[in-house]
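K.L.:
One structure is given below, represented as structure tokens, and several questions about it will come after.
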Amino acid sequence: MLHDKKTGTLNTSRRNLLRGTALAGAAAMTGTFATAAPMRRPLTTPSLRMPDNAFVQAQAQQMAEAEPVDLSGYERVQQRLVRPPNAPDHDQVATGEPKIVEIELTVDERLMVVDEDTGASIWAMTYNGSVPGPLIIVHQGDYVELTLKSHTRNVLEHNIDFHASTGGLGGGALTHIYPGEETVLRWKATKAGCFTYHCAPGGAMIPYHVCHGMNGAVMVLPRDGLKDRDGNALPYDKIAYIGEQDYYLPMDEDGTYRTYRNAGDDYADSLAAMRTLTPSHVVFNGAVGALTGNRAITAEVGQTVLMIHNQCNRDSRPHLIGGHGAFVWESSFTDPPLTGMETWFVRGGSAVAAMYTFEQPGVYAYVNHNLIEGALLGATAHFSVGGVWNNALMEQVVAPRTMET
């Protein structure tokens with residue numbers, strides 16, 4: 001269904017599409033759906049009991065009557081978000097007192113090619129036009145003030161759930177917008193670490209949007225920067241932001257990936273594919289090969305890279321072939337980092353930070369070490385590292401040759 005902002009009613013004169021409904025608070029997560037007659041449902045979606053309406057209304061009343069917070073002493077700064085795998089400009093160690101960091105995300109439903117070799121494509125649900133959505137970086141104690149917008153050309157309802165925040169389903173209950181609308185949400189970054197954010201309109205629309213690319217990561221740095229378990233500073237030279245995305249692209253009986261005219265047209269087919277729990281693709285940064293070849297992440301010998309890996313839906317096991325996770329934060333930055341990790345773990349619905357200083361030049365493959373997903377489904381990236389080769393670390397003593405018999 002589509003929302004008419006002028007009348008406040010549902011517009012049925014245009015193509016009918018599924019939308020999630022949210023009352024308030026916890027009700028948003030259990031959203032129910034209305035389907036237009038032409039849209040078939042391959043299997044029944046579980047019907048979840050809604051919270052008592054009196055509770056929902058009481059919560060709304062509490063929010064309306066809550067004391068306003070005095071933020072008059074906070075400095076406001078704007079953070080310009082950039083496309084992955086890049087990171088926005090930021091200070092590794094906070095300067096001054098906590099700030100209000102203003103950011104803007106625009107919902108963009110766009111047709112994206114997932115695999116150039118097969119032509120597989122998807123109507124991606126994106127924040128700012130990329131899969132994953134941009135990396136947001138603040139410091140513990142800062143406020144994030146988000147302006148969330150939705151293009152008028154979009155057709156679906158959207159919102160955002162910040163795993164780093166506290167209350168209101170991570171902001172999901174307070175940010176539902178329709179095409180052509182905008183909303184502003186402010187939340188305090190009380191926990192230091194890396195965290196997922198994603199769209200969560202309600203019910204089956206939650207995995208539908210997430211599995212169409214609508215997720216990203218927030219990094220909340222400690223005010224005094226990253227440290228090892230002994231309190232020594234761990235600065236980095238650059239960030240490589242990697243979003244792992246599982247897609248479930250519907251196929252015809254002959255194995256050809258289906259194409260759709262509009263966003264949302266694949267809803268029934270996608271839910272049927274998603275129920276198999278078997279992704280057609282598992283990729284980094286939106287598409288097969290998005291971070292390989294001439295699009296590889298670049299570095300130099302001696303540079304320390306902080307790799308931020310986001311997986312909103314499934315567990316993953318990143319591995320840097322030829323390198324290591326010298327320091328790995330699988331949870332919060334307030335916990336001591338793991339050290340010397342060959343492969344680390346990303347729980348579904350989380351983001352992880354791993355730090356490594358490159359010691360040799362060459363091409364390093366960064367893979368999901370479920371090698372079926374890494375080699376067959378697309379979860380591979382490359383680091384192209386320049387510098388001088390060090391034979392003390394590795395040397396080919398004898399080149400391949402025919403054995404004497």
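Quick note on naming: the chains in the structure tokens go A, B, ... in the order shown, residues restart at 1 in each chain, and ligands are numbered from 1 in order of appearance.
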Report as a list in words: the residues of segment 216-386 of chain A with a DSSP assignment of alpha helix (DSSP H), based on the backbone of this structure.
P.N.:
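Selection result, alpha helix (DSSP H) within segment 216-386 of chain A: Tyr267, Ala268, Asp269, Ser270, Leu271, Ala272, Ala273, Met274 and Leu371 of chain A.
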K.L.:
Apply DSSP to the structure's backbone, then extract all residues of segment 44-261 of chain A labelled strand (DSSP E or B) and return them as a CSV table (one decimal) with N, CA and C atoms, in the first residue's frame.
P.N.:
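Final output, saved to result18.csv:
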chain,number,residue,atom,x,y,z
A,75,GLU,N,28.1,21.2,21.4
A,75,GLU,CA,28.4,21.7,20.0
A,75,GLU,C,27.9,20.8,19.0
A,76,ARG,N,27.4,21.4,17.9
A,76,ARG,CA,26.8,20.6,16.8
A,76,ARG,C,27.9,20.5,15.7
A,77,VAL,N,28.0,19.3,15.2
A,77,VAL,CA,29.0,19.1,14.0
A,77,VAL,C,28.2,18.3,13.0
A,78,GLN,N,28.6,18.5,11.7
A,78,GLN,CA,28.0,17.7,10.7
A,78,GLN,C,29.0,16.6,10.2
A,99,LYS,N,29.6,15.8,21.6
A,99,LYS,CA,28.9,16.7,20.6
A,99,LYS,C,27.6,16.1,20.1
A,100,ILE,N,26.9,16.9,19.4
A,100,ILE,CA,25.7,16.4,18.7
A,100,ILE,C,26.2,16.2,17.2
A,101,VAL,N,26.3,15.0,16.7
A,101,VAL,CA,26.8,14.7,15.4
A,101,VAL,C,25.6,14.6,14.5
A,102,GLU,N,25.5,15.5,13.5
A,102,GLU,CA,24.3,15.5,12.6
A,102,GLU,C,24.7,14.7,11.3
A,103,ILE,N,23.8,13.7,11.0
A,103,ILE,CA,24.0,12.9,9.8
A,103,ILE,C,22.7,12.9,9.0
A,104,GLU,N,22.8,12.5,7.7
A,104,GLU,CA,21.7,12.4,6.9
A,104,GLU,C,21.7,11.1,6.1
A,105,LEU,N,20.7,10.4,6.1
A,105,LEU,CA,20.5,9.2,5.3
A,105,LEU,C,19.3,9.3,4.5
A,106,THR,N,19.4,9.0,3.2
A,106,THR,CA,18.3,9.0,2.3
A,106,THR,C,18.0,7.6,1.7
A,107,VAL,N,16.8,7.2,1.9
A,107,VAL,CA,16.4,5.9,1.4
A,107,VAL,C,16.3,5.9,-0.1
A,108,ASP,N,16.9,5.0,-0.8
A,108,ASP,CA,17.0,4.9,-2.2
A,108,ASP,C,16.7,3.5,-2.7
A,109,GLU,N,15.5,3.3,-3.2
A,109,GLU,CA,15.3,2.0,-3.8
A,109,GLU,C,15.8,2.0,-5.2
A,110,ARG,N,16.7,1.1,-5.5
A,110,ARG,CA,17.4,1.2,-6.9
A,110,ARG,C,17.7,-0.2,-7.4
A,111,LEU,N,17.6,-0.4,-8.7
A,111,LEU,CA,18.0,-1.7,-9.3
A,111,LEU,C,19.5,-1.8,-9.4
A,112,MET,N,20.0,-2.9,-8.8
A,112,MET,CA,21.5,-3.1,-8.7
A,112,MET,C,21.8,-4.4,-9.3
A,113,VAL,N,22.9,-4.4,-10.0
A,113,VAL,CA,23.5,-5.7,-10.6
A,113,VAL,C,24.3,-6.4,-9.5
A,114,VAL,N,23.9,-7.6,-9.2
A,114,VAL,CA,24.6,-8.4,-8.2
A,114,VAL,C,25.8,-9.2,-8.7
A,115,ASP,N,25.6,-9.7,-10.0
A,115,ASP,CA,26.7,-10.5,-10.6
A,115,ASP,C,26.7,-10.1,-12.1
A,120,ALA,N,22.5,-11.3,-12.8
A,120,ALA,CA,21.6,-11.3,-11.7
A,120,ALA,C,21.5,-9.9,-11.1
A,121,SER,N,20.3,-9.5,-10.8
A,121,SER,CA,20.1,-8.1,-10.3
A,121,SER,C,19.0,-8.2,-9.2
A,122,ILE,N,18.9,-7.1,-8.5
A,122,ILE,CA,17.9,-7.0,-7.4
A,122,ILE,C,17.5,-5.5,-7.2
A,123,TRP,N,16.2,-5.3,-6.9
A,123,TRP,CA,15.8,-4.0,-6.5
A,123,TRP,C,16.2,-3.8,-5.0
A,124,ALA,N,17.4,-3.2,-4.9
A,124,ALA,CA,18.0,-3.0,-3.6
A,124,ALA,C,17.3,-2.0,-2.8
A,125,MET,N,17.2,-2.2,-1.5
A,125,MET,CA,16.7,-1.2,-0.5
A,125,MET,C,18.0,-0.6,0.1
A,126,THR,N,18.3,0.6,-0.1
A,126,THR,CA,19.6,1.2,0.4
A,126,THR,C,19.4,2.5,1.2
A,127,TYR,N,20.4,2.7,2.0
A,127,TYR,CA,20.6,4.0,2.6
A,127,TYR,C,21.7,4.7,1.8
A,130,SER,N,23.9,2.8,-1.4
A,130,SER,CA,25.0,1.8,-1.4
A,130,SER,C,24.6,0.6,-0.5
A,136,ILE,N,29.0,5.1,9.9
A,136,ILE,CA,28.8,6.3,10.8
A,136,ILE,C,29.8,6.2,11.9
A,137,ILE,N,30.6,7.3,12.3
A,137,ILE,CA,31.6,7.2,13.3
A,137,ILE,C,31.4,8.3,14.3
A,138,VAL,N,31.2,8.0,15.6
A,138,VAL,CA,31.1,9.0,16.6
A,138,VAL,C,31.9,8.5,17.8
A,139,HIS,N,31.9,9.3,18.9
A,139,HIS,CA,32.6,8.9,20.1
A,139,HIS,C,31.6,8.6,21.2
A,143,TYR,N,25.9,12.5,20.9
A,143,TYR,CA,24.6,12.3,20.3
A,143,TYR,C,24.7,12.1,18.8
A,144,VAL,N,23.9,11.2,18.3
A,144,VAL,CA,23.7,11.1,16.9
A,144,VAL,C,22.3,11.7,16.5
A,145,GLU,N,22.3,12.7,15.7
A,145,GLU,CA,21.1,13.3,15.3
A,145,GLU,C,20.9,13.0,13.8
A,146,LEU,N,20.0,12.1,13.5
A,146,LEU,CA,19.8,11.6,12.1
A,146,LEU,C,18.6,12.2,11.5
A,147,THR,N,18.8,12.7,10.3
A,147,THR,CA,17.6,13.1,9.4
A,147,THR,C,17.5,12.0,8.4
A,148,LEU,N,16.4,11.3,8.5
A,148,LEU,CA,16.1,10.2,7.6
A,148,LEU,C,15.1,10.6,6.5
A,149,LYS,N,15.4,10.5,5.3
A,149,LYS,CA,14.5,10.9,4.2
A,149,LYS,C,14.2,9.7,3.2
A,150,SER,N,13.1,9.8,2.5
A,150,SER,CA,12.8,8.8,1.5
A,150,SER,C,12.4,9.5,0.2
A,158,HIS,N,9.7,2.7,5.1
A,158,HIS,CA,11.1,2.3,5.6
A,158,HIS,C,11.2,2.9,7.0
A,161,ASP,N,16.7,0.9,12.5
A,161,ASP,CA,16.9,0.4,13.9
A,161,ASP,C,18.4,0.4,14.1
A,162,PHE,N,18.9,1.2,15.1
A,162,PHE,CA,20.3,1.3,15.5
A,162,PHE,C,20.6,0.4,16.6
A,177,ILE,N,8.7,6.1,7.8
A,177,ILE,CA,8.4,7.1,6.8
A,177,ILE,C,8.0,6.5,5.5
A,182,GLU,N,10.2,12.7,5.6
A,182,GLU,CA,11.5,12.7,6.4
A,182,GLU,C,11.1,12.8,7.9
A,183,THR,N,12.1,12.4,8.7
A,183,THR,CA,11.9,12.4,10.1
A,183,THR,C,13.3,12.6,10.7
A,184,VAL,N,13.3,13.1,12.0
A,184,VAL,CA,14.6,13.3,12.7
A,184,VAL,C,14.6,12.5,14.0
A,185,LEU,N,15.6,11.8,14.2
A,185,LEU,CA,15.8,11.0,15.4
A,185,LEU,C,17.1,11.3,16.1
A,186,ARG,N,17.1,11.5,17.4
A,186,ARG,CA,18.4,11.7,18.1
A,186,ARG,C,18.5,10.7,19.2
A,187,TRP,N,19.7,10.1,19.3
A,187,TRP,CA,20.0,9.1,20.3
A,187,TRP,C,21.4,9.3,20.8
A,188,LYS,N,21.6,8.8,22.1
A,188,LYS,CA,22.9,9.0,22.7
A,188,LYS,C,23.8,7.7,22.6
A,193,GLY,N,31.8,0.6,20.6
A,193,GLY,CA,32.0,-0.6,19.9
A,193,GLY,C,31.5,-0.4,18.4
A,194,CYS,N,31.4,-1.5,17.7
A,194,CYS,CA,30.8,-1.5,16.3
A,194,CYS,C,29.5,-2.2,16.4
A,195,PHE,N,28.5,-1.6,15.7
A,195,PHE,CA,27.1,-2.0,15.7
A,195,PHE,C,26.5,-1.9,14.4
A,196,THR,N,25.5,-2.8,14.1
A,196,THR,CA,24.7,-2.8,12.9
A,196,THR,C,23.6,-1.8,13.0
A,197,TYR,N,23.2,-1.3,11.9
A,197,TYR,CA,21.9,-0.6,11.8
A,197,TYR,C,21.2,-1.2,10.6
A,198,HIS,N,19.8,-1.2,10.6
A,198,HIS,CA,19.1,-1.8,9.5
A,198,HIS,C,17.7,-1.3,9.5
A,215,ASN,N,21.1,-2.2,5.3
A,215,ASN,CA,21.8,-2.3,6.6
A,215,ASN,C,23.2,-1.6,6.4
A,216,GLY,N,23.7,-1.3,7.6
A,216,GLY,CA,25.1,-0.7,7.6
A,216,GLY,C,25.6,-0.8,9.0
A,217,ALA,N,26.6,0.1,9.3
A,217,ALA,CA,27.3,0.0,10.6
A,217,ALA,C,27.6,1.3,11.2
A,218,VAL,N,27.6,1.4,12.5
A,218,VAL,CA,28.0,2.5,13.3
A,218,VAL,C,29.2,2.1,14.2
A,219,MET,N,30.3,2.9,14.2
A,219,MET,CA,31.4,2.7,15.1
A,219,MET,C,31.4,3.8,16.1
A,220,VAL,N,31.3,3.4,17.4
A,220,VAL,CA,31.3,4.3,18.5
A,220,VAL,C,32.7,4.1,19.2
A,221,LEU,N,33.6,5.1,19.0
A,221,LEU,CA,34.9,5.0,19.5
A,221,LEU,C,35.0,5.4,21.0
A,227,LYS,N,42.5,0.9,22.5
A,227,LYS,CA,43.7,0.5,23.3
A,227,LYS,C,43.7,-1.0,23.4
A,233,ALA,N,47.8,2.8,23.4
A,233,ALA,CA,47.0,3.3,22.3
A,233,ALA,C,47.2,2.4,21.1
A,238,LYS,N,44.1,3.8,8.3
A,238,LYS,CA,42.9,3.9,7.5
A,238,LYS,C,41.9,2.8,7.9
A,239,ILE,N,40.7,3.0,7.4
A,239,ILE,CA,39.6,2.0,7.7
A,239,ILE,C,39.2,1.4,6.4
A,240,ALA,N,38.9,0.1,6.4
A,240,ALA,CA,38.3,-0.7,5.3
A,240,ALA,C,37.0,-1.2,5.8
A,241,TYR,N,35.9,-0.6,5.3
A,241,TYR,CA,34.5,-1.0,5.8
A,241,TYR,C,33.9,-2.0,4.8
A,242,ILE,N,33.7,-3.2,5.3
A,242,ILE,CA,33.2,-4.3,4.5
A,242,ILE,C,31.8,-4.7,5.0
A,243,GLY,N,30.8,-4.6,4.1
A,243,GLY,CA,29.5,-5.1,4.5
A,243,GLY,C,29.2,-6.4,3.8
A,244,GLU,N,29.0,-7.5,4.5
A,244,GLU,CA,28.7,-8.8,3.9
A,244,GLU,C,27.2,-8.9,3.8
A,245,GLN,N,26.8,-9.2,2.6
A,245,GLN,CA,25.3,-9.2,2.2
A,245,GLN,C,24.9,-10.6,1.7
A,246,ASP,N,23.9,-11.2,2.3
A,246,ASP,CA,23.3,-12.4,1.7
A,246,ASP,C,22.1,-12.0,0.9
A,247,TYR,N,22.1,-12.5,-0.3
A,247,TYR,CA,20.9,-12.3,-1.2
A,247,TYR,C,20.2,-13.6,-1.5
A,251,MET,N,14.7,-17.6,-8.9
A,251,MET,CA,15.0,-18.2,-10.2
A,251,MET,C,13.8,-18.8,-10.9
A,257,TYR,N,17.9,-16.2,-13.3
A,257,TYR,CA,17.4,-15.3,-12.3
A,257,TYR,C,16.3,-14.4,-12.9
K.L.:
Please determine, counting only C-alpha atoms, which residue among A:Asp237, A:Val367, A:Pro361, A:Val352 has the shortest atom-to-atom distance to Asn391 of chain A.
P.N.:
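Under the stated criterion, the closest residue is A:Pro361.
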K.L.:
Out of A:Met274, A:Ala204, A:Ala299, A:Val82, which residue has the shortest atom-to-atom distance to Thr45 of chain A when counting only C-alpha atoms?
P.N.:
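Of A:Met274, A:Ala204, A:Ala299, A:Val82, the one nearest Thr45 of chain A is A:Ala204, counting only C-alpha atoms.
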K.L.:
Using atom CA of Phe383 of chain A and atom CA of Ile297 of chain A as the two end points, give the distance in Å to one decimal.
P.N.:
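Separating atom CA of Phe383 of chain A from atom CA of Ile297 of chain A is a distance of 4.7 Å.
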K.L.:
So which one's closest to Gln140 of chain A, A:Phe284, A:Tyr208, A:Phe333, A:Tyr364? Using only C-alpha atoms, please.
P.N.:
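When distances to Gln140 of chain A are compared using only C-alpha atoms, the smallest one comes from A:Phe333.
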K.L.:
To one decimal in Å, tell me the separation between atom CA of Val93 of chain A and atom CA of Pro222 of chain A.
P.N.:
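Going from atom CA of Val93 of chain A over to atom CA of Pro222 of chain A, I get 7.6 Å.
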K.L.:
For Asp315 of chain A, which of A:Met205, A:Val282, A:Leu338, A:Val328 is the closest residue, counting only C-alpha atoms?
P.N.:
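Once distances to Asp315 of chain A are computed over only C-alpha atoms, the minimum belongs to A:Val282.
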K.L.:
With distances taken over only C-alpha atoms, which residue among A:Leu320, A:Gln303, A:Leu377, A:Gly203 lies nearest Ser47 of chain A?
P.N.:
A:Gly203
K.L.:
Pick the closest to Ala200 of chain A from A:Asn159, A:Asn232, A:Asn390, A:Gln79: which is it, counting only C-alpha atoms?
P.N.:
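The shortest atom-to-atom distance to Ala200 of chain A comes from A:Asn159.
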